[in-house]
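Heads up, protein30.pdb below (PDB, C-alpha atoms and all ligand atoms):
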```pdb
ATOM      1  CA  MET A1371      28.864  30.220 -20.293  1.00  0.00           C
ATOM      2  CA  ALA A1372      26.535  27.953 -18.311  1.00  0.00           C
ATOM      3  CA  VAL A1373      24.234  29.780 -15.925  1.00  0.00           C
ATOM      4  CA  GLU A1374      24.101  28.198 -12.495  1.00  0.00           C
ATOM      5  CA  THR A1375      20.628  28.069 -10.968  1.00  0.00           C
ATOM      6  CA  ALA A1376      20.185  28.095  -7.221  1.00  0.00           C
ATOM      7  CA  PRO A1377      18.923  24.786  -5.799  1.00  0.00           C
ATOM      8  CA  ALA A1378      15.227  24.731  -4.858  1.00  0.00           C
ATOM      9  CA  THR A1379      14.600  25.320  -1.177  1.00  0.00           C
ATOM     10  CA  THR A1380      11.664  25.170   1.210  1.00  0.00           C
ATOM     11  CA  SER A1381      10.401  28.159   3.204  1.00  0.00           C
ATOM     12  CA  ARG A1382      12.696  26.908   5.972  1.00  0.00           C
ATOM     13  CA  GLY A1383      15.664  27.206   3.641  1.00  0.00           C
ATOM     14  CA  GLN A1384      16.053  23.437   3.289  1.00  0.00           C
ATOM     15  CA  ARG A1385      17.266  22.243  -0.076  1.00  0.00           C
ATOM     16  CA  THR A1386      14.762  20.135  -2.027  1.00  0.00           C
ATOM     17  CA  LEU A1387      15.248  17.666  -4.831  1.00  0.00           C
ATOM     18  CA  LYS A1388      12.735  16.243  -7.267  1.00  0.00           C
ATOM     19  CA  ILE A1389      12.371  12.478  -7.117  1.00  0.00           C
ATOM     20  CA  HIS A1390      10.357   9.946  -9.057  1.00  0.00           C
ATOM     21  CA  VAL A1391       9.314   6.974  -6.974  1.00  0.00           C
ATOM     22  CA  THR A1392       6.641   4.339  -7.477  1.00  0.00           C
ATOM     23  CA  VAL A1393       4.927   3.411  -4.215  1.00  0.00           C
ATOM     24  CA  ASN A1394       2.536   0.461  -4.203  1.00  0.00           C
ATOM     25  CA  GLY A1395       2.192   0.745  -7.967  1.00  0.00           C
ATOM     26  CA  VAL A1396       1.458   4.483  -7.985  1.00  0.00           C
ATOM     27  CA  PRO A1397       4.086   6.802  -9.528  1.00  0.00           C
ATOM     28  CA  HIS A1398       4.936   9.983  -7.641  1.00  0.00           C
ATOM     29  CA  ASP A1399       6.993  12.959  -8.851  1.00  0.00           C
ATOM     30  CA  VAL A1400       7.661  15.044  -5.789  1.00  0.00           C
ATOM     31  CA  ASP A1401      10.011  17.609  -4.317  1.00  0.00           C
ATOM     32  CA  VAL A1402      11.473  16.456  -1.034  1.00  0.00           C
ATOM     33  CA  GLU A1403      13.939  17.969   1.357  1.00  0.00           C
ATOM     34  CA  ALA A1404      17.298  16.316   0.866  1.00  0.00           C
ATOM     35  CA  ARG A1405      17.341  15.326   4.553  1.00  0.00           C
ATOM     36  CA  THR A1406      13.924  13.578   4.504  1.00  0.00           C
ATOM     37  CA  LEU A1407      14.091   9.942   5.538  1.00  0.00           C
ATOM     38  CA  LEU A1408      12.162   7.459   3.423  1.00  0.00           C
ATOM     39  CA  VAL A1409       9.938   6.551   6.382  1.00  0.00           C
ATOM     40  CA  HIS A1410       9.005  10.202   6.918  1.00  0.00           C
ATOM     41  CA  PHE A1411       8.344  10.625   3.203  1.00  0.00           C
ATOM     42  CA  LEU A1412       5.948   7.660   3.247  1.00  0.00           C
ATOM     43  CA  ARG A1413       4.149   8.699   6.423  1.00  0.00           C
ATOM     44  CA  GLU A1414       4.092  12.475   6.046  1.00  0.00           C
ATOM     45  CA  ASN A1415       4.247  13.238   2.323  1.00  0.00           C
ATOM     46  CA  LEU A1416       2.136  10.278   1.181  1.00  0.00           C
ATOM     47  CA  SER A1417       0.087   9.781   4.394  1.00  0.00           C
ATOM     48  CA  MET A1418       0.896   6.059   4.406  1.00  0.00           C
ATOM     49  CA  THR A1419       1.064   5.523   8.126  1.00  0.00           C
ATOM     50  CA  GLY A1420       1.101   1.733   7.993  1.00  0.00           C
ATOM     51  CA  THR A1421       4.894   1.896   8.076  1.00  0.00           C
ATOM     52  CA  HIS A1422       5.796   2.475  11.722  1.00  0.00           C
ATOM     53  CA  ILE A1423       8.652   4.283  13.415  1.00  0.00           C
ATOM     54  CA  GLY A1424       9.892   2.476  16.502  1.00  0.00           C
ATOM     55  CA  CYS A1425      13.431   3.671  17.075  1.00  0.00           C
ATOM     56  CA  ASP A1426      14.664   5.828  14.173  1.00  0.00           C
ATOM     57  CA  THR A1427      18.071   4.218  14.667  1.00  0.00           C
ATOM     58  CA  THR A1428      17.968   1.049  12.508  1.00  0.00           C
ATOM     59  CA  ASN A1429      17.360  -1.251  15.454  1.00  0.00           C
ATOM     60  CA  CYS A1430      13.714  -2.289  15.581  1.00  0.00           C
ATOM     61  CA  GLY A1431      12.638  -2.994  11.992  1.00  0.00           C
ATOM     62  CA  ALA A1432       9.141  -1.510  12.482  1.00  0.00           C
ATOM     63  CA  CYS A1433       9.789   0.719   9.454  1.00  0.00           C
ATOM     64  CA  THR A1434      10.675  -2.114   7.060  1.00  0.00           C
ATOM     65  CA  VAL A1435       9.447  -1.702   3.477  1.00  0.00           C
ATOM     66  CA  LEU A1436      10.490  -3.281   0.203  1.00  0.00           C
ATOM     67  CA  VAL A1437      12.681  -1.224  -2.120  1.00  0.00           C
ATOM     68  CA  ASN A1438      13.016  -2.904  -5.498  1.00  0.00           C
ATOM     69  CA  GLY A1439      11.877  -6.096  -3.775  1.00  0.00           C
ATOM     70  CA  ARG A1440      14.437  -6.003  -0.964  1.00  0.00           C
ATOM     71  CA  ALA A1441      13.532  -5.478   2.679  1.00  0.00           C
ATOM     72  CA  VAL A1442      14.918  -2.132   3.827  1.00  0.00           C
ATOM     73  CA  LYS A1443      14.620  -0.248   7.110  1.00  0.00           C
ATOM     74  CA  SER A1444      13.140   2.957   5.780  1.00  0.00           C
ATOM     75  CA  CYS A1445      14.483   5.043   8.681  1.00  0.00           C
ATOM     76  CA  THR A1446      17.940   4.196   7.401  1.00  0.00           C
ATOM     77  CA  MET A1447      17.496   5.578   3.922  1.00  0.00           C
ATOM     78  CA  PHE A1448      16.864   9.057   2.564  1.00  0.00           C
ATOM     79  CA  ALA A1449      13.838   9.489   0.320  1.00  0.00           C
ATOM     80  CA  VAL A1450      16.128  10.834  -2.406  1.00  0.00           C
ATOM     81  CA  GLN A1451      17.947   7.480  -2.384  1.00  0.00           C
ATOM     82  CA  ALA A1452      14.677   5.903  -3.542  1.00  0.00           C
ATOM     83  CA  ASP A1453      14.645   8.067  -6.680  1.00  0.00           C
ATOM     84  CA  GLY A1454      13.738   5.768  -9.572  1.00  0.00           C
ATOM     85  CA  ALA A1455      12.875   2.883  -7.262  1.00  0.00           C
ATOM     86  CA  THR A1456       9.787   0.819  -6.634  1.00  0.00           C
ATOM     87  CA  VAL A1457       8.680   0.852  -2.995  1.00  0.00           C
ATOM     88  CA  GLU A1458       6.130  -1.479  -1.427  1.00  0.00           C
ATOM     89  CA  THR A1459       4.656  -0.831   1.977  1.00  0.00           C
ATOM     90  CA  VAL A1460       2.346  -2.857   4.185  1.00  0.00           C
ATOM     91  CA  GLU A1461      -0.577  -1.097   2.470  1.00  0.00           C
ATOM     92  CA  SER A1462       0.263  -3.025  -0.708  1.00  0.00           C
ATOM     93  CA  LEU A1463      -0.450  -6.430   0.806  1.00  0.00           C
ATOM     94  CA  GLU A1464      -4.266  -6.489   0.791  1.00  0.00           C
ATOM     95  CA  GLN A1465      -5.611  -6.505  -2.753  1.00  0.00           C
ATOM     96  CA  ASP A1466      -9.259  -5.933  -3.696  1.00  0.00           C
ATOM     97  CA  GLY A1467     -10.400  -6.701  -0.173  1.00  0.00           C
ATOM     98  CA  LYS A1468      -8.447  -9.968  -0.025  1.00  0.00           C
ATOM     99  CA  LEU A1469      -5.769 -10.338   2.602  1.00  0.00           C
ATOM    100  CA  HIS A1470      -2.275 -11.401   1.562  1.00  0.00           C
ATOM    101  CA  ALA A1471      -1.278 -14.881   2.767  1.00  0.00           C
ATOM    102  CA  ILE A1472       1.058 -13.320   5.323  1.00  0.00           C
ATOM    103  CA  GLN A1473      -1.759 -11.184   6.754  1.00  0.00           C
ATOM    104  CA  SER A1474      -4.122 -14.160   6.993  1.00  0.00           C
ATOM    105  CA  ALA A1475      -1.407 -16.224   8.642  1.00  0.00           C
ATOM    106  CA  PHE A1476      -0.675 -13.560  11.284  1.00  0.00           C
ATOM    107  CA  HIS A1477      -4.406 -13.430  11.976  1.00  0.00           C
ATOM    108  CA  GLU A1478      -4.868 -17.186  12.178  1.00  0.00           C
ATOM    109  CA  GLU A1479      -1.749 -17.892  14.251  1.00  0.00           C
ATOM    110  CA  HIS A1480      -2.184 -14.845  16.552  1.00  0.00           C
ATOM    111  CA  GLY A1481       1.178 -13.493  15.374  1.00  0.00           C
ATOM    112  CA  LEU A1482       0.683 -10.151  17.073  1.00  0.00           C
ATOM    113  CA  GLN A1483      -0.388  -8.511  20.280  1.00  0.00           C
ATOM    114  CA  CYS A1484      -0.052  -4.706  20.154  1.00  0.00           C
ATOM    115  CA  GLY A1485       0.701  -4.880  16.424  1.00  0.00           C
ATOM    116  CA  PHE A1486       3.361  -2.194  16.421  1.00  0.00           C
ATOM    117  CA  CYS A1487       6.054  -4.434  14.957  1.00  0.00           C
ATOM    118  CA  THR A1488       3.649  -6.211  12.605  1.00  0.00           C
ATOM    119  CA  PRO A1489       3.952  -4.129   9.397  1.00  0.00           C
ATOM    120  CA  GLY A1490       7.722  -4.469   9.470  1.00  0.00           C
ATOM    121  CA  MET A1491       7.563  -8.151  10.388  1.00  0.00           C
ATOM    122  CA  MET A1492       5.222  -8.863   7.508  1.00  0.00           C
ATOM    123  CA  MET A1493       7.261  -6.951   4.936  1.00  0.00           C
ATOM    124  CA  THR A1494      10.442  -8.704   6.087  1.00  0.00           C
ATOM    125  CA  ALA A1495       8.614 -12.035   5.833  1.00  0.00           C
ATOM    126  CA  VAL A1496       7.290 -11.274   2.345  1.00  0.00           C
ATOM    127  CA  ALA A1497      10.799 -10.488   1.073  1.00  0.00           C
ATOM    128  CA  PHE A1498      12.186 -13.566   2.826  1.00  0.00           C
ATOM    129  CA  LEU A1499       9.534 -15.969   1.507  1.00  0.00           C
ATOM    130  CA  ALA A1500      10.179 -14.709  -2.025  1.00  0.00           C
ATOM    131  CA  THR A1501      13.670 -16.168  -1.703  1.00  0.00           C
ATOM    132  CA  ASN A1502      12.894 -19.218   0.451  1.00  0.00           C
ATOM    133  CA  SER A1503       9.511 -20.869  -0.028  1.00  0.00           C
ATOM    134  CA  LYS A1504      10.158 -23.746   2.384  1.00  0.00           C
ATOM    135  CA  PRO A1505      12.083 -22.325   5.320  1.00  0.00           C
ATOM    136  CA  THR A1506      13.063 -24.109   8.504  1.00  0.00           C
ATOM    137  CA  GLU A1507      12.190 -22.592  11.875  1.00  0.00           C
ATOM    138  CA  LEU A1508      15.826 -21.528  12.275  1.00  0.00           C
ATOM    139  CA  GLU A1509      15.817 -19.822   8.882  1.00  0.00           C
ATOM    140  CA  ILE A1510      12.648 -17.934   9.793  1.00  0.00           C
ATOM    141  CA  ARG A1511      14.174 -16.837  13.100  1.00  0.00           C
ATOM    142  CA  GLN A1512      17.318 -15.667  11.296  1.00  0.00           C
ATOM    143  CA  ALA A1513      15.235 -13.802   8.690  1.00  0.00           C
ATOM    144  CA  ILE A1514      13.389 -11.769  11.329  1.00  0.00           C
ATOM    145  CA  SER A1515      16.427 -11.218  13.521  1.00  0.00           C
ATOM    146  CA  GLY A1516      16.446  -7.520  12.534  1.00  0.00           C
ATOM    147  CA  ASN A1517      12.829  -7.037  13.617  1.00  0.00           C
ATOM    148  CA  LEU A1518      12.111  -6.602  17.303  1.00  0.00           C
ATOM    149  CA  CYS A1519       8.853  -7.509  19.031  1.00  0.00           C
ATOM    150  CA  ARG A1520       8.213  -6.430  22.601  1.00  0.00           C
ATOM    151  CA  CYS A1521       5.058  -8.509  23.082  1.00  0.00           C
ATOM    152  CA  THR A1522       4.845 -11.954  21.557  1.00  0.00           C
ATOM    153  CA  GLY A1523       8.048 -13.782  22.407  1.00  0.00           C
ATOM    154  CA  TYR A1524       8.276 -14.481  18.646  1.00  0.00           C
ATOM    155  CA  VAL A1525       6.784 -18.006  18.845  1.00  0.00           C
ATOM    156  CA  ASN A1526       3.542 -17.092  17.081  1.00  0.00           C
ATOM    157  CA  ILE A1527       5.328 -14.825  14.625  1.00  0.00           C
ATOM    158  CA  VAL A1528       7.502 -17.753  13.544  1.00  0.00           C
ATOM    159  CA  LYS A1529       4.381 -19.941  13.293  1.00  0.00           C
ATOM    160  CA  SER A1530       2.672 -17.265  11.211  1.00  0.00           C
ATOM    161  CA  ILE A1531       5.520 -17.069   8.719  1.00  0.00           C
ATOM    162  CA  ASP A1532       5.653 -20.857   8.470  1.00  0.00           C
ATOM    163  CA  HIS A1533       1.874 -20.893   7.956  1.00  0.00           C
ATOM    164  CA  ALA A1534       2.151 -18.268   5.186  1.00  0.00           C
ATOM    165  CA  ALA A1535       4.945 -20.240   3.511  1.00  0.00           C
ATOM    166  CA  ARG A1536       2.688 -23.314   3.440  1.00  0.00           C
ATOM    167  CA  THR A1537      -0.255 -21.364   2.046  1.00  0.00           C
ATOM    168  CA  MET A1538       1.882 -19.735  -0.625  1.00  0.00           C
ATOM    169  CA  ARG A1539       3.353 -23.111  -1.649  1.00  0.00           C
ATOM    170  CA  GLU A1540      -0.131 -24.632  -1.886  1.00  0.00           C
ATOM    171  CA  THR A1541      -1.320 -21.664  -3.944  1.00  0.00           C
ATOM    172  CA  ALA A1542       1.656 -22.020  -6.266  1.00  0.00           C
ATOM    173  CA  GLU A1543       0.888 -25.742  -6.629  1.00  0.00           C
ATOM    174  CA  GLY A1544      -2.764 -24.965  -7.352  1.00  0.00           C
ATOM    175  CA  LYS A1545      -4.061 -26.645  -4.169  1.00  0.00           C
ATOM    176  CA  ALA A1546      -5.480 -23.567  -2.478  1.00  0.00           C
TER
HETATM  177  S1  LIG B1601      12.244   2.787  13.109  1.00  0.00           S
HETATM  178 FE1  LIG B1601      13.545   2.009  11.561  1.00  0.00          FE
HETATM  179  S2  LIG B1601      14.571   0.346  12.499  1.00  0.00           S
HETATM  180 FE2  LIG B1601      13.347   1.204  14.087  1.00  0.00          FE
HETATM  181  S1  LIG B1602       3.155  -7.320  18.776  1.00  0.00           S
HETATM  182 FE1  LIG B1602       3.728  -5.656  20.082  1.00  0.00          FE
HETATM  183  S2  LIG B1602       5.763  -5.216  19.476  1.00  0.00           S
HETATM  184 FE2  LIG B1602       5.265  -6.992  18.353  1.00  0.00          FE
END
```

Is it possible to give me this structure as structure tokens?
Ligand code: FES
Ligand code: FES
Amino acid sequence: MAVETAPATTSRGQRTLKIHVTVNGVPHDVDVEARTLLVHFLRENLSMTGTHIGCDTTNCGACTVLVNGRAVKSCTMFAVQADGATVETVESLEQDGKLHAIQSAFHEEHGLQCGFCTPGMMMTAVAFLATNSKPTELEIRQAISGNLCRCTGYVNIVKSIDHAARTMRETAEGKA
């Protein structure tokens, strides 16, 4: 007869589950409470505080990360749902001291003021530009429609994403 083992729990009596998730290229095998949101897992378990929490209710997009290459609001997903997945956060963009094209573009076009929305905006833009390398202004505006910015009025954010698209096209064509 099979022996049932009690599920693992924390000292607070919360049930935990073991997950395997690769974050920014680094594999992690960790026990997390079943109720832990992905954004809390990233910020509190992995100390990756680049992913912001603006609303906790799927409205603002500040918590956007890539899960298996798709932009996801990480306050909308449990960490256990990322079991087996590849997650990329804003910390993955800069490589060996070199800014990603989207980071350089936000810098050059002044695509931020307070910067609170910026990690989510950039991750949404990265996922979008992977599917559309030559977007129109309208397409950019539609792509970031799930990301709210309280400061900029969006004009320079749209310019930044267009700028990054141009840079990435030139790099792909070997001009940059
Ligand atoms: S914190 Fe996730 S959408 Fe606002
Ligand atoms: S730059 Fe402040 S919320 Fe977007």

List all protein, DNA and RNA residues that have at least one atom no more than 7 Å from any atom of ligand LIG 1602 (chain B), counting only C-alpha atoms and all ligand atoms, and write them as a ChimeraX atom specification.
/A:1482-1488,1518-1522

Writing out the chosen residues with C-alpha atoms as a short mmCIF file (atom, residue, chain, number, x, y, z; two decimals), in the coordinates of the input:
```cif
data_model
loop_
_atom_site.label_atom_id
_atom_site.label_comp_id
_atom_site.auth_asym_id
_atom_site.auth_seq_id
_atom_site.Cartn_x
_atom_site.Cartn_y
_atom_site.Cartn_z
CA LEU A 1482 0.68 -10.15 17.07
CA GLN A 1483 -0.39 -8.51 20.28
CA CYS A 1484 -0.05 -4.71 20.15
CA GLY A 1485 0.70 -4.88 16.42
CA PHE A 1486 3.36 -2.19 16.42
CA CYS A 1487 6.05 -4.43 14.96
CA THR A 1488 3.65 -6.21 12.60
CA LEU A 1518 12.11 -6.60 17.30
CA CYS A 1519 8.85 -7.51 19.03
CA ARG A 1520 8.21 -6.43 22.60
CA CYS A 1521 5.06 -8.51 23.08
CA THR A 1522 4.84 -11.95 21.56
#
```

I'd like the contact shell of stretch 1443-1456 of chain A - 9 Å cut-off, all atoms listed in the file, skipping same-chain residues fewer than 6 positions apart - returned as a PyMOL selection string.
chain A and resi 1387-1395+1397+1402-1412+1421+1423+1425-1437+1490

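Shortest atom-to-atom contact with ligand LIG 1601 (chain B) among A:Val1460, A:Met1491, A:Ala1535, A:Ile1472: A:Met1491, counting all atoms listed in the file.
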
Axis-aligned box for all listed atoms of stretch 1479-1486 of chain A, 3 Å per side, centre and edges in Å to one decimal, as JSON:
```
{"center_x": 0.6, "center_y": -10.0, "center_z": 17.3, "size_x": 11.5, "size_y": 21.7, "size_z": 12.0}
```

Show me, as a list in words, the residues that have an atom within 8 Å of stretch 1499-1513 of chain A when counting only C-alpha atoms, minus same-chain residues fewer than 4 positions from it.
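Selected residues are Thr1494, Ala1495, Val1528, Ile1531, Asp1532, Ala1535, Arg1536, Met1538 and Arg1539 of chain A.
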
Can you list, as a ChimeraX atom specification, every protein, DNA or RNA residue that comes within 12 Å of A:His1477 when you count all atoms listed in the file, leaving out same-chain residues fewer than 3 positions away?
/A:1469-1474,1480-1483,1485,1488,1492,1526-1527,1529-1531,1533-1534

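Closest approach to ligand LIG 1601 (chain B) from the set A:Arg1440, A:Gly1424, A:Phe1476, A:Glu1458 is made by A:Gly1424, with distances taken over all atoms listed in the file.
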
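Compared by their closest atoms to ligand LIG 1601 (chain B), and using only C-alpha atoms and all ligand atoms, the residues A:His1422, A:Arg1413, A:Lys1468, A:Arg1385 rank with A:His1422 nearest.
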
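Shortest separation to ligand LIG 1601 (chain B) among A:Val1442, A:Ala1378, A:Val1400, A:Leu1416 occurs at residue A:Val1442, atoms counted being all atoms listed in the file.
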
Looking at A:Met1493, A:Glu1478, A:Gly1544, A:Gly1439, which one is nearest to A:Gly1516, with distances taken over all atoms listed in the file?
A:Met1493
